[in-house]
Structure formats: structure tokens, C-alpha cells
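**Q** My file is structure_25.cif. It has mmCIF, C-alpha atoms and all ligand atoms:
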```cif
data_start
#
loop_
_atom_site.label_atom_id
_atom_site.label_comp_id
_atom_site.auth_asym_id
_atom_site.auth_seq_id
_atom_site.Cartn_x
_atom_site.Cartn_y
_atom_site.Cartn_z
CA MET H 1 -7.02 21.67 12.49
CA THR H 2 -8.57 19.91 15.49
CA ILE H 3 -6.32 16.84 15.60
CA SER H 4 -2.61 17.31 16.33
CA PHE H 5 -0.46 15.43 13.88
CA ASP H 6 2.54 17.43 15.16
CA GLU H 7 2.97 15.34 18.26
CA ILE H 8 6.12 13.22 18.26
CA TYR H 9 5.70 9.79 19.85
CA GLU H 10 8.76 7.80 20.89
CA ARG H 11 8.34 4.56 18.94
CA ARG H 12 11.71 3.04 19.79
CA ASN H 13 11.46 -0.07 21.97
CA THR H 14 7.82 -0.69 21.06
CA ASN H 15 8.51 -3.73 18.84
CA SER H 16 8.09 -1.42 15.87
CA LEU H 17 9.24 -2.76 12.51
CA LYS H 18 9.91 0.79 11.36
CA TRP H 19 11.83 2.01 14.41
CA ASP H 20 13.35 -1.13 15.99
CA LYS H 21 13.54 -4.03 13.54
CA PHE H 22 14.88 -1.81 10.77
CA LYS H 23 18.34 -1.90 12.41
CA GLU H 24 18.67 -5.62 11.76
CA ARG H 25 17.20 -5.29 8.27
CA TYR H 26 19.50 -2.50 7.11
CA ARG H 27 22.59 -3.95 8.79
CA ALA H 28 22.02 -7.25 6.98
CA LYS H 29 22.24 -5.44 3.65
CA TYR H 30 24.49 -2.41 4.18
CA ALA H 31 27.57 -1.49 6.21
CA VAL H 32 25.98 0.99 8.66
CA GLU H 33 28.28 2.55 11.25
CA ASP H 34 25.87 4.24 13.64
CA ILE H 35 22.47 2.61 13.17
CA ASP H 36 21.14 3.85 16.53
CA ASN H 37 21.19 7.42 15.22
CA VAL H 38 19.63 6.66 11.84
CA LEU H 39 16.18 8.17 11.23
CA PRO H 40 13.84 5.56 9.70
CA MET H 41 11.52 6.91 6.97
CA TRP H 42 10.98 3.67 5.15
CA VAL H 43 8.20 1.07 5.69
CA ALA H 44 4.60 2.24 5.12
CA ASP H 45 3.18 2.97 8.53
CA MET H 46 2.57 6.35 10.11
CA ASP H 47 4.15 8.02 13.11
CA PHE H 48 0.71 9.50 13.90
CA ALA H 49 -1.55 8.34 16.72
CA VAL H 50 -4.51 6.41 15.31
CA PRO H 51 -7.99 7.99 15.51
CA GLN H 52 -9.16 8.24 19.12
CA VAL H 53 -12.40 6.46 18.14
CA ALA H 54 -10.38 3.28 17.45
CA ILE H 55 -8.67 3.43 20.84
CA ASP H 56 -11.98 4.07 22.61
CA ALA H 57 -13.69 1.16 20.84
CA ILE H 58 -10.85 -1.23 21.65
CA LYS H 59 -10.83 -0.06 25.28
CA GLU H 60 -14.54 -0.61 25.50
CA ARG H 61 -14.15 -4.14 24.19
CA LEU H 62 -11.43 -4.69 26.79
CA ASN H 63 -13.95 -3.87 29.50
CA HIS H 64 -15.52 -7.25 28.87
CA PRO H 65 -13.09 -9.77 30.36
CA ILE H 66 -13.80 -12.68 28.03
CA PHE H 67 -12.13 -13.15 24.67
CA GLY H 68 -13.81 -16.28 23.43
CA TYR H 69 -14.40 -17.08 19.75
CA SER H 70 -16.03 -14.19 17.99
CA TYR H 71 -17.34 -13.31 14.56
CA ILE H 72 -17.62 -10.12 12.49
CA SER H 73 -20.91 -8.44 13.36
CA ASP H 74 -23.41 -7.20 10.85
CA ALA H 75 -22.85 -3.68 12.23
CA CYS H 76 -19.16 -3.94 11.36
CA LYS H 77 -19.96 -5.15 7.82
CA GLU H 78 -22.41 -2.28 7.48
CA ALA H 79 -19.76 0.21 8.60
CA ILE H 80 -17.42 -1.10 5.89
CA GLN H 81 -20.17 -1.02 3.31
CA LYS H 82 -21.19 2.55 4.17
CA TRP H 83 -17.59 3.80 4.15
CA PHE H 84 -16.94 2.57 0.62
CA LYS H 85 -20.27 3.95 -0.58
CA ARG H 86 -19.68 7.30 1.13
CA ARG H 87 -16.01 7.75 0.20
CA HIS H 88 -15.84 5.98 -3.18
CA ASN H 89 -19.40 5.65 -4.40
CA TRP H 90 -18.82 1.90 -4.49
CA HIS H 91 -21.62 -0.40 -3.41
CA ILE H 92 -20.18 -3.56 -1.89
CA ASN H 93 -22.58 -6.36 -1.00
CA LYS H 94 -21.97 -7.56 2.55
CA GLU H 95 -21.92 -11.19 1.38
CA ALA H 96 -19.05 -10.33 -0.99
CA LEU H 97 -16.71 -9.49 1.91
CA ILE H 98 -14.15 -12.09 2.91
CA PHE H 99 -12.10 -11.17 5.96
CA HIS H 100 -8.36 -11.73 6.02
CA SER H 101 -5.36 -10.82 8.14
CA GLY H 102 -3.82 -8.58 5.48
CA VAL H 103 -3.84 -7.61 1.84
CA VAL H 104 -0.59 -9.47 1.19
CA PRO H 105 -1.86 -12.79 2.59
CA ALA H 106 -5.15 -12.12 0.78
CA ILE H 107 -3.29 -11.86 -2.54
CA ALA H 108 -1.53 -15.12 -1.66
CA THR H 109 -4.87 -16.84 -0.95
CA ILE H 110 -6.34 -15.56 -4.22
CA LEU H 111 -3.35 -16.65 -6.30
CA GLU H 112 -3.23 -20.02 -4.59
CA THR H 113 -6.94 -20.56 -5.26
CA PHE H 114 -6.93 -19.75 -8.95
CA THR H 115 -3.49 -20.74 -10.26
CA GLU H 116 -1.30 -23.82 -10.49
CA PRO H 117 2.49 -23.83 -10.02
CA GLY H 118 4.10 -22.80 -13.29
CA ASP H 119 1.25 -20.46 -14.30
CA LYS H 120 2.12 -16.92 -15.31
CA VAL H 121 1.20 -13.89 -13.19
CA CYS H 122 1.70 -10.42 -14.63
CA ILE H 123 2.57 -7.27 -12.66
CA SER H 124 3.44 -3.71 -13.61
CA THR H 125 6.84 -2.68 -12.28
CA PRO H 126 8.22 -0.96 -10.29
CA VAL H 127 5.78 -2.23 -7.71
CA TYR H 128 5.32 -3.16 -4.05
CA PRO H 129 7.69 -6.15 -3.52
CA PRO H 130 5.14 -8.82 -2.38
CA PHE H 131 3.61 -8.52 -5.88
CA PHE H 132 6.58 -10.57 -7.06
CA THR H 133 7.73 -12.36 -3.89
CA ILE H 134 4.31 -13.95 -3.20
CA PRO H 135 3.85 -15.44 -6.70
CA LYS H 136 7.45 -16.63 -6.71
CA GLY H 137 6.86 -18.32 -3.35
CA LEU H 138 3.85 -20.07 -4.88
CA LYS H 139 6.09 -21.28 -7.74
CA LEU H 140 4.35 -19.06 -10.26
CA GLU H 141 6.17 -17.41 -13.12
CA VAL H 142 6.21 -13.64 -12.73
CA VAL H 143 5.90 -11.61 -15.93
CA GLU H 144 7.14 -8.09 -15.20
CA CYS H 145 5.81 -5.44 -17.50
CA ASP H 146 7.43 -2.06 -16.82
CA LEU H 147 5.36 1.06 -16.51
CA VAL H 148 6.60 3.97 -18.61
CA GLU H 149 7.19 7.58 -17.54
CA SER H 150 5.09 10.37 -19.00
CA GLU H 151 6.66 13.73 -19.91
CA GLU H 152 5.66 14.89 -16.42
CA HIS H 153 7.50 11.84 -14.98
CA ILE H 154 4.32 10.10 -13.88
CA TYR H 155 4.04 6.35 -14.46
CA GLU H 156 1.69 5.21 -17.22
CA TYR H 157 0.70 1.91 -18.75
CA ASP H 158 2.09 0.82 -22.09
CA PHE H 159 -0.92 -1.24 -23.18
CA GLU H 160 0.83 -2.70 -26.21
CA LYS H 161 3.49 -4.18 -23.95
CA LEU H 162 0.86 -5.39 -21.51
CA GLU H 163 -1.11 -7.05 -24.30
CA GLU H 164 2.05 -8.81 -25.49
CA ALA H 165 2.49 -10.17 -21.98
CA PHE H 166 -1.16 -11.27 -21.79
CA LYS H 167 -0.82 -13.03 -25.16
CA SER H 168 1.90 -15.23 -23.67
CA GLY H 169 -0.80 -16.93 -21.56
CA VAL H 170 -1.04 -14.98 -18.32
CA LYS H 171 -3.47 -16.42 -15.73
CA ALA H 172 -3.68 -13.45 -13.36
CA TYR H 173 -2.76 -9.78 -13.27
CA VAL H 174 -2.14 -8.01 -9.95
CA LEU H 175 -3.09 -4.35 -10.14
CA CYS H 176 -1.89 -1.77 -7.62
CA SER H 177 -4.48 1.01 -7.55
CA PRO H 178 -3.43 3.63 -6.54
CA HIS H 179 0.06 2.57 -7.52
CA ASN H 180 2.86 2.07 -5.02
CA PRO H 181 5.52 3.36 -5.61
CA GLY H 182 4.92 6.63 -7.44
CA GLY H 183 1.45 7.25 -5.98
CA VAL H 184 -0.46 7.22 -9.26
CA VAL H 185 -4.26 7.37 -9.18
CA TRP H 186 -5.25 5.40 -12.27
CA SER H 187 -7.72 7.16 -14.53
CA LYS H 188 -11.09 5.75 -15.59
CA ASP H 189 -9.69 5.32 -19.08
CA THR H 190 -6.68 3.32 -17.86
CA LEU H 191 -8.81 1.09 -15.65
CA GLU H 192 -11.33 0.46 -18.42
CA LYS H 193 -8.57 -0.54 -20.84
CA LEU H 194 -7.08 -2.83 -18.25
CA VAL H 195 -10.42 -4.47 -17.50
CA GLN H 196 -11.12 -4.88 -21.20
CA LEU H 197 -7.74 -6.58 -21.78
CA CYS H 198 -8.36 -8.93 -18.84
CA VAL H 199 -11.74 -9.88 -20.34
CA GLN H 200 -10.23 -10.36 -23.81
CA TYR H 201 -7.46 -12.67 -22.56
CA ASP H 202 -9.46 -14.28 -19.74
CA VAL H 203 -7.08 -13.00 -17.08
CA LEU H 204 -8.09 -12.89 -13.40
CA LEU H 205 -7.76 -9.29 -12.23
CA ILE H 206 -6.65 -8.90 -8.60
CA SER H 207 -7.07 -5.27 -7.63
CA ASP H 208 -5.10 -4.15 -4.57
CA GLU H 209 -6.77 -0.91 -3.46
CA ILE H 210 -5.15 -0.54 -0.03
CA HIS H 211 -4.05 3.06 -0.78
CA ALA H 212 -7.49 4.14 -2.08
CA ASP H 213 -8.45 6.36 0.86
CA ILE H 214 -5.42 8.65 0.83
CA VAL H 215 -5.79 10.73 -2.31
CA PHE H 216 -4.69 14.35 -2.86
CA ASP H 217 -5.94 17.44 -4.66
CA GLU H 218 -8.33 16.92 -7.52
CA TYR H 219 -7.59 13.20 -7.85
CA LYS H 220 -10.27 10.62 -7.21
CA HIS H 221 -9.75 6.92 -6.70
CA ILE H 222 -11.95 4.80 -8.94
CA PRO H 223 -12.66 1.29 -7.63
CA THR H 224 -11.84 -1.19 -10.40
CA MET H 225 -15.13 -3.02 -9.90
CA THR H 226 -17.09 0.14 -10.74
CA VAL H 227 -15.65 0.85 -14.19
CA GLU H 228 -17.46 0.08 -17.42
CA GLY H 229 -17.05 -3.54 -18.47
CA ALA H 230 -16.15 -4.70 -14.95
CA ASP H 231 -19.26 -6.90 -14.80
CA LYS H 232 -17.81 -9.02 -17.63
CA ALA H 233 -14.41 -9.44 -15.97
CA LYS H 234 -13.17 -11.80 -13.27
CA ILE H 235 -12.21 -9.20 -10.66
CA ILE H 236 -11.35 -9.66 -7.02
CA ALA H 237 -10.49 -6.56 -4.99
CA CYS H 238 -8.46 -6.25 -1.81
CA ILE H 239 -9.17 -3.36 0.55
CA ALA H 240 -8.17 -2.49 4.11
CA PRO H 241 -8.37 0.18 6.82
CA THR H 242 -4.74 -0.36 7.79
CA LYS H 243 -2.89 2.17 5.57
CA THR H 244 -5.77 4.64 5.90
CA PHE H 245 -5.83 4.71 9.70
CA ASN H 246 -2.39 3.35 10.66
CA LEU H 247 -3.71 0.03 11.96
CA ALA H 248 -1.29 -2.42 10.31
CA GLY H 249 -0.51 -4.05 13.66
CA LEU H 250 -4.17 -5.04 14.04
CA HIS H 251 -3.99 -7.22 10.90
CA ALA H 252 -7.29 -6.61 9.17
CA ALA H 253 -8.13 -6.61 5.47
CA MET H 254 -11.02 -7.53 3.23
CA ILE H 255 -11.31 -9.36 -0.06
CA VAL H 256 -14.27 -8.23 -2.17
CA ALA H 257 -15.55 -11.08 -4.32
CA GLU H 258 -18.92 -10.20 -5.85
CA ASN H 259 -18.74 -13.12 -8.30
CA VAL H 260 -20.31 -16.04 -6.42
CA LYS H 261 -18.22 -18.74 -8.09
CA LEU H 262 -14.97 -16.93 -7.33
CA ARG H 263 -16.15 -16.15 -3.79
CA ASN H 264 -17.04 -19.76 -3.02
CA ALA H 265 -13.69 -21.00 -4.32
CA LEU H 266 -11.92 -18.46 -2.07
CA LEU H 267 -14.00 -19.43 0.96
CA ARG H 268 -13.22 -23.11 0.35
CA ASN H 269 -9.51 -22.38 0.21
CA LYS H 270 -9.68 -20.18 3.30
CA ALA H 271 -11.43 -22.99 5.16
CA ALA H 272 -8.91 -25.54 3.89
CA HIS H 273 -6.16 -23.54 5.60
CA GLY H 274 -8.24 -23.06 8.75
CA LEU H 275 -8.01 -19.29 8.31
CA ASP H 276 -10.27 -17.34 10.62
CA ASP H 277 -11.70 -13.82 10.44
CA TRP H 278 -10.28 -10.90 12.44
CA ASN H 279 -9.72 -11.01 16.16
CA ALA H 280 -12.21 -9.25 18.44
CA LEU H 281 -10.02 -6.20 19.11
CA ALA H 282 -9.32 -5.61 15.42
CA ALA H 283 -13.04 -5.87 14.64
CA ALA H 284 -13.88 -3.28 17.32
CA GLY H 285 -11.24 -0.81 16.12
CA VAL H 286 -12.04 -1.22 12.44
CA GLN H 287 -15.77 -0.77 12.89
CA ALA H 288 -15.11 2.46 14.81
CA VAL H 289 -12.84 4.03 12.18
CA TYR H 290 -15.18 3.16 9.34
CA GLU H 291 -18.07 4.67 11.28
CA LYS H 292 -16.34 7.74 12.70
CA GLY H 293 -12.92 8.16 11.11
CA ASP H 294 -13.74 10.62 8.30
CA GLU H 295 -12.57 13.77 10.04
CA TRP H 296 -9.27 12.23 11.16
CA LEU H 297 -8.60 11.01 7.64
CA ASP H 298 -9.44 14.31 5.96
CA GLU H 299 -7.16 16.19 8.33
CA MET H 300 -4.36 13.63 8.00
CA ILE H 301 -4.47 13.99 4.21
CA GLN H 302 -4.16 17.78 4.47
CA TYR H 303 -1.27 17.45 6.90
CA VAL H 304 0.64 15.00 4.72
CA ALA H 305 0.00 17.16 1.64
CA LYS H 306 1.90 19.97 3.39
CA ASN H 307 4.75 17.59 4.25
CA ILE H 308 4.94 16.62 0.59
CA GLN H 309 4.95 20.25 -0.51
CA TYR H 310 7.85 20.99 1.83
CA LEU H 311 9.86 17.97 0.67
CA GLU H 312 9.32 18.97 -2.93
CA GLN H 313 10.37 22.56 -2.32
CA GLU H 314 13.56 21.52 -0.48
CA LEU H 315 14.78 18.48 -2.38
CA ASN H 316 14.03 19.81 -5.86
CA GLN H 317 16.73 22.43 -5.22
CA LEU H 318 19.37 19.71 -5.05
CA ASP H 319 21.33 18.90 -8.20
CA GLY H 320 20.06 15.76 -9.88
CA ILE H 321 17.10 15.22 -7.53
CA ARG H 322 13.47 15.24 -8.64
CA VAL H 323 10.58 14.62 -6.25
CA ILE H 324 7.68 12.85 -7.96
CA ARG H 325 4.61 14.38 -6.34
CA PRO H 326 2.22 11.55 -5.38
CA GLN H 327 -1.44 11.77 -6.37
CA ALA H 328 -2.15 9.27 -3.59
CA SER H 329 -0.53 7.86 -0.45
CA TYR H 330 2.14 9.26 1.84
CA LEU H 331 4.99 7.46 0.12
CA VAL H 332 7.05 9.75 -2.07
CA TRP H 333 9.14 8.50 -4.98
CA VAL H 334 12.34 10.48 -5.43
CA ASP H 335 14.30 10.30 -8.68
CA TYR H 336 18.05 10.69 -8.16
CA ARG H 337 19.22 9.47 -11.57
CA GLY H 338 20.48 12.99 -12.28
CA THR H 339 23.10 12.72 -9.53
CA GLY H 340 24.92 9.91 -11.35
CA LEU H 341 25.22 8.01 -8.05
CA SER H 342 24.77 4.25 -8.01
CA GLU H 343 22.24 2.76 -5.59
CA GLU H 344 25.08 1.43 -3.42
CA GLU H 345 26.68 4.89 -3.27
CA MET H 346 23.37 6.58 -2.54
CA MET H 347 22.41 4.16 0.24
CA ASP H 348 25.89 4.46 1.77
CA ARG H 349 25.66 8.25 1.78
CA LEU H 350 22.14 8.22 3.21
CA LEU H 351 22.84 5.69 5.95
CA ASN H 352 26.33 6.77 6.99
CA LYS H 353 26.61 10.46 6.12
CA GLY H 354 23.01 11.63 6.44
CA LYS H 355 21.91 8.90 8.89
CA LEU H 356 18.64 8.37 7.12
CA ALA H 357 16.99 5.04 6.21
CA LEU H 358 14.93 5.19 3.00
CA GLU H 359 13.79 2.43 0.67
CA PRO H 360 16.11 1.76 -2.29
CA GLY H 361 14.31 1.74 -5.66
CA THR H 362 15.43 -1.72 -6.77
CA LYS H 363 13.43 -3.20 -3.89
CA TYR H 364 10.50 -2.53 -6.25
CA SER H 365 12.21 -4.36 -9.15
CA GLU H 366 15.01 -3.34 -11.47
CA ALA H 367 12.67 -0.73 -12.95
CA GLY H 368 13.00 1.22 -9.70
CA ARG H 369 16.77 1.75 -10.04
CA GLY H 370 17.70 5.39 -9.54
CA PHE H 371 14.77 6.08 -7.20
CA LEU H 372 14.22 6.16 -3.45
CA ARG H 373 10.98 5.92 -1.50
CA ILE H 374 10.44 8.16 1.48
CA ASN H 375 7.57 7.92 3.98
CA LEU H 376 6.05 11.29 4.90
CA ALA H 377 3.34 10.12 7.31
CA CYS H 378 5.11 11.73 10.22
CA PRO H 379 5.16 15.02 12.15
CA PHE H 380 6.50 18.02 10.21
CA GLU H 381 9.52 18.20 12.57
CA THR H 382 10.50 14.70 11.47
CA VAL H 383 10.13 15.69 7.81
CA LYS H 384 12.41 18.70 8.40
CA ASP H 385 14.93 16.46 10.14
CA GLY H 386 14.75 13.99 7.24
CA VAL H 387 15.27 16.75 4.68
CA GLU H 388 18.36 18.03 6.53
CA ARG H 389 19.76 14.50 6.68
CA PHE H 390 19.08 14.01 2.96
CA LYS H 391 20.91 17.28 2.15
CA LYS H 392 23.85 16.27 4.34
CA ALA H 393 24.05 12.90 2.60
CA LEU H 394 24.43 14.64 -0.74
CA SER H 395 26.79 17.38 0.43
C1 LIG A 1 0.16 -1.92 -2.40
C2 LIG A 1 0.22 -2.52 -1.04
N1 LIG A 1 -0.47 -3.63 -0.78
C3 LIG A 1 -0.45 -4.20 0.46
C4 LIG A 1 0.30 -3.65 1.48
C5 LIG A 1 0.35 -4.30 2.82
O1 LIG A 1 -0.83 -4.90 3.13
P1 LIG A 1 -1.05 -5.73 4.47
O2 LIG A 1 -0.22 -5.10 5.54
O3 LIG A 1 -2.52 -5.63 4.70
O4 LIG A 1 -0.62 -7.14 4.16
C6 LIG A 1 1.04 -2.48 1.24
C7 LIG A 1 1.86 -1.90 2.31
O5 LIG A 1 2.57 -0.95 2.15
C8 LIG A 1 0.99 -1.90 -0.05
O6 LIG A 1 1.68 -0.79 -0.34
#
```
If you took the structure in this file and wrote it as C-alpha cells, what would it be?
Ligand SMILES: Cc1ncc(COP(=O)(O)O)c(C=O)c1O

**A**
Amino acid sequence: MTISFDEIYERRNTNSLKWDKFKERYRAKYAVEDIDNVLPMWVADMDFAVPQVAIDAIKERLNHPIFGYSYISDACKEAIQKWFKRRHNWHINKEALIFHSGVVPAIATILETFTEPGDKVCISTPVYPPFFTIPKGLKLEVVECDLVESEEHIYEYDFEKLEEAFKSGVKAYVLCSPHNPGGVVWSKDTLEKLVQLCVQYDVLLISDEIHADIVFDEYKHIPTMTVEGADKAKIIACIAPTKTFNLAGLHAAMIVAENVKLRNALLRNKAAHGLDDWNALAAAGVQAVYEKGDEWLDEMIQYVAKNIQYLEQELNQLDGIRVIRPQASYLVWVDYRGTGLSEEEMMDRLLNKGKLALEPGTKYSEAGRGFLRINLACPFETVKDGVERFKKALS
């Protein structure tokens, strides 16, 4: 390994959501006695330094002392295009890229463009919370369709249930691919069925692929737009370098809209809100990671895979605990239904006895009850500390 992911950076007092703001967030919801000594392993950013190439590119941009209006260069678009071709065998036309400040606001823009208040939007739960909070904020009706667990405790689609939901007149479906939480890499078969159902019921398919780059073992992310039948569907994808390279604070994401009619409608809405493309520093950093970030990413994936292995080995020894090994992403879904503890009891034990802040499962809808989400994009020492705290909480 040439890059050290072992290094521990002090992130307290850096305006970090994960390390500073979490105190307010958790205190608002739970009675926490000693929040200053709680270890945060919750929100999805990494405790790893970003690739040096991003820092160098941003520094270089800083050497020019003027930060006037800027635009996204053709070289940056080409870097994005080449990355997705190289890593995912997905050809994206440069004209299809629409730049946005994040995947969540991009989903909001897409829903706002193609739905009217009162329309139905379907999601598969448990899922990343903005999948329901954004549509609700736009006065859309959210149709939750629970995923089911396979014998190996991996989430799967129940297509009969999904079709029932689509029959009730759903306008849009928001897909999380790979899925968060649970880290499922959807198979070609699943994606093809999904696309086919969207075509059959004329449902707009919004494909959030933010976790696409972090995939383990033999799994391979398949971009929704590349599956058979995708050319007949109304698909808009959302992609970003922010989970991949720990750049969430730069605020950079892309919408991929190959369909010209859909693209033009999105661009009109973006203009109506006066939304601009990325800022100059984000553009510099993003271009650099897409051009030269492969090695960092490959090594990061290997490092996190070892963290996951360790967590699995340690926590699976505890009564009533089952670690669901993710196929993608550094967020691990832990099933504690076997302990018989309620979510309130579990969170109280974690925060006050173990001094560990994890994400409670119901944050991802009622279907997440009995689960916790733990973030393993951190140095191994932090994982060991987290595991000890988890054990203490349950002792
Ligand atoms: C599925 C999914 N989509 C979007 C986001 C956040 O996207 P952004 O920060 O670009 O708004 C996350 C963050 O964890 C996520 O898990």
C-alpha cells in the first residue's frame, strides 16, 4: 500500500458535520450525558485525507488570485466522461451532463421539473432519508415499497409489490444503486426488470448512483442507463465524485440526461432558479480526481474491505447481532433484532454506555427498525475503538 489510510486526523473544531455538528443533532433527539467523548461513526463522509492530486489542483488554482465567474471546462467534462467509461464501461455524452451542487438537490430539481404537487413518487425502503424528505417537501405523495430480505439477509426487490405500487399511478421512481443502506449492488436482471416496469407504467426513473465507485469483491456496478431496454425508458441518472473521493464539502454532482427533451426541461428549471455550475475550486479538484484518482480509490476500497472484515469478525460474535456485509460502499448495516432491544434502548446504550454515535435504522424508514448503520471509512484504529465501544454498549 502506497497511500496511508492509517493516519488519524483531528477533525474536531473543523466545522465538520460528522465530528462537531453531530453533538447538537444527537442531543436534540437523545438524552446524551457525555457527548464530548462520543465517537461519531455516522454520516457518510470519510476520515481519510482526500487524494493528493485534488489538493494539488486546488492549490494550483489558488495561485491565480482572481476568482471571477467561471465555467466547467471541456477538459473537466472529458475527465468525467473518461472515468465513467474506464471504470463502468458507460459512455456519457458530454452534452448530457448537467452540473449541480449535490445529488440530493439534483433529485429535488428533477422531481420539481417533472411532477406536480400531489403526484406519487415511489421509493424502495429502507432507503437514504432524502428519498422521502425531498418529495414530501415538494408536496408529493411518497409510496414506500419495502425491499425484502433474501435467505442470506441481502435486500431484494419484490417486483409484484412494486408493480402494485406502479399501478396506483406513480409518476417517478427513485432508485438507489448501489443501495444505501445495506450496500446492495443491483444485478443486471434486477435493473432490467425495473427499467421494463418503468417503461410499462410510464414512470420516470431517477437513478442515484453516488455509491457506484466503491464496490467490493466480485461485484460490479451496472449503470442503469446501460441495461437492455434503457433506451426506451425515461431515465435520468445522478452521479458524483463526492462519496468516492471524500469531497462532499466541495459540493459537486452531475445529472446525466441523455434524452434531449428531459435535459432541456431540466436546464430550463435550473435556469429558472438561477442555479449555477460548480465553483472554480470544486471544478479543479474534481477534474484532478477523475483524471488521476484511480490508485487512491483502489487502495481505499481494499483498506475499507479489511475494516469491514474486522467488524464482521468481532460483532458477529455478539448475541443477537448480525453484520450485513456490504457489496458496495463503506456504510455497514448491522441487524440487532436478535438482541430484543428496542431502538430507544439500543441508542441509549450506544450513546451513554459505549459512547458511540451510529445511525438508527428507522432514520431510513420504518423498514429499517432493528438495524444500525455504521461508517467504516476511517483508520483501522478508529474501527477497533468503535468495536470496543459497541461491545461495551451491549455488555
Ligand atoms: C444514496 C445517496 N444519495 C445522495 C447522497 C448525498 O449526496 P449529496 O451530498 O451530493 O447531496 C448520499 C449521501 O450519503 C447517499 O447515500

**Q** Just give me the gap between atom CA of H:Glu388 and atom CA of H:Glu151 in Å, one decimal is fine.

**A**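 Interatomic distance here is 29.2 Å.
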
**Q** Is it possible to get the residues within 8 Å of (4.3, 3.8, 9.0) (coordinates as in the file, counting all atoms listed in the file) written as a list in words?

**A** Lys18, Trp42, Val43, Ala44, Asp45, Met46, Asp47, Asn246, Asn375 and Ala377 of chain H

**Q** Need to verify the contact set: H:Thr190, 9 Å, only C-alpha atoms, exclusion of same-chain residues closer than 5 positions in sequence. Can you return it as a VMD selection string?

**A** chain H and resid 156 to 157 195

**Q** I need the residue nearest ligand LIG 1 (chain A) from this list: H:Leu39, H:Val199, H:Leu315, H:Ile214. Use only C-alpha atoms and all ligand atoms for the distance.

**A**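 For ligand LIG 1 (chain A), the nearest of the given residues is H:Ile214.
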
**Q** Check the smallest atom-to-atom distance from each of H:Tyr69, H:Met41, H:Ile98, H:Asp36 to H:Leu267 using all atoms listed in the file, then report the winner.

**A**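 For H:Leu267, the nearest of the candidates is H:Ile98.
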
**Q** Counting only C-alpha atoms, which residues have an atom no more than 12 Å from (-1.2, -24.6, -9.8) in the file's coordinates? Please list them as a short mmCIF file (atom, residue, chain, number, x, y, z; two decimals) with C-alpha atoms, in the coordinates of the input.

**A**
```cif
data_model
loop_
_atom_site.label_atom_id
_atom_site.label_comp_id
_atom_site.auth_asym_id
_atom_site.auth_seq_id
_atom_site.Cartn_x
_atom_site.Cartn_y
_atom_site.Cartn_z
CA ILE H 110 -6.34 -15.56 -4.22
CA LEU H 111 -3.35 -16.65 -6.30
CA GLU H 112 -3.23 -20.02 -4.59
CA THR H 113 -6.94 -20.56 -5.26
CA PHE H 114 -6.93 -19.75 -8.95
CA THR H 115 -3.49 -20.74 -10.26
CA GLU H 116 -1.30 -23.82 -10.49
CA PRO H 117 2.49 -23.83 -10.02
CA GLY H 118 4.10 -22.80 -13.29
CA ASP H 119 1.25 -20.46 -14.30
CA LYS H 120 2.12 -16.92 -15.31
CA VAL H 121 1.20 -13.89 -13.19
CA PRO H 135 3.85 -15.44 -6.70
CA LEU H 138 3.85 -20.07 -4.88
CA LYS H 139 6.09 -21.28 -7.74
CA LEU H 140 4.35 -19.06 -10.26
CA GLU H 141 6.17 -17.41 -13.12
CA LYS H 171 -3.47 -16.42 -15.73
CA ALA H 172 -3.68 -13.45 -13.36
#
```

**Q** Take stretch 243-257 of chain H, bring it up to N, CA and C atoms, and give me the output as a CSV table (one decimal), keeping the file's coordinate frame.

**A**
```
chain,number,residue,atom,x,y,z
H,243,LYS,N,-3.7,1.0,6.0
H,243,LYS,CA,-2.9,2.2,5.6
H,243,LYS,C,-3.6,3.4,5.9
H,244,THR,N,-4.9,3.5,5.7
H,244,THR,CA,-5.8,4.6,5.9
H,244,THR,C,-5.7,5.2,7.3
H,245,PHE,N,-5.7,4.3,8.3
H,245,PHE,CA,-5.8,4.7,9.7
H,245,PHE,C,-4.6,4.2,10.6
H,246,ASN,N,-3.6,3.8,9.9
H,246,ASN,CA,-2.4,3.4,10.7
H,246,ASN,C,-2.7,2.2,11.6
H,247,LEU,N,-3.3,1.2,11.1
H,247,LEU,CA,-3.7,0.0,12.0
H,247,LEU,C,-3.1,-1.3,11.5
H,248,ALA,N,-1.9,-1.2,10.9
H,248,ALA,CA,-1.3,-2.4,10.3
H,248,ALA,C,-1.1,-3.5,11.4
H,249,GLY,N,-0.8,-3.1,12.6
H,249,GLY,CA,-0.5,-4.0,13.7
H,249,GLY,C,-1.8,-4.8,14.1
H,250,LEU,N,-2.9,-4.3,13.7
H,250,LEU,CA,-4.2,-5.0,14.0
H,250,LEU,C,-4.5,-6.2,13.1
H,251,HIS,N,-3.8,-6.2,11.9
H,251,HIS,CA,-4.0,-7.2,10.9
H,251,HIS,C,-5.4,-7.4,10.5
H,252,ALA,N,-5.9,-6.5,9.6
H,252,ALA,CA,-7.3,-6.6,9.2
H,252,ALA,C,-7.4,-6.1,7.7
H,253,ALA,N,-7.9,-7.0,6.9
H,253,ALA,CA,-8.1,-6.6,5.5
H,253,ALA,C,-9.4,-7.3,5.0
H,254,MET,N,-9.8,-6.9,3.8
H,254,MET,CA,-11.0,-7.5,3.2
H,254,MET,C,-10.8,-7.9,1.8
H,255,ILE,N,-11.3,-9.0,1.4
H,255,ILE,CA,-11.3,-9.4,-0.1
H,255,ILE,C,-12.7,-9.0,-0.5
H,256,VAL,N,-12.9,-8.4,-1.7
H,256,VAL,CA,-14.3,-8.2,-2.2
H,256,VAL,C,-14.4,-9.2,-3.4
H,257,ALA,N,-15.3,-10.1,-3.2
H,257,ALA,CA,-15.6,-11.1,-4.3
H,257,ALA,C,-17.1,-11.1,-4.6
```
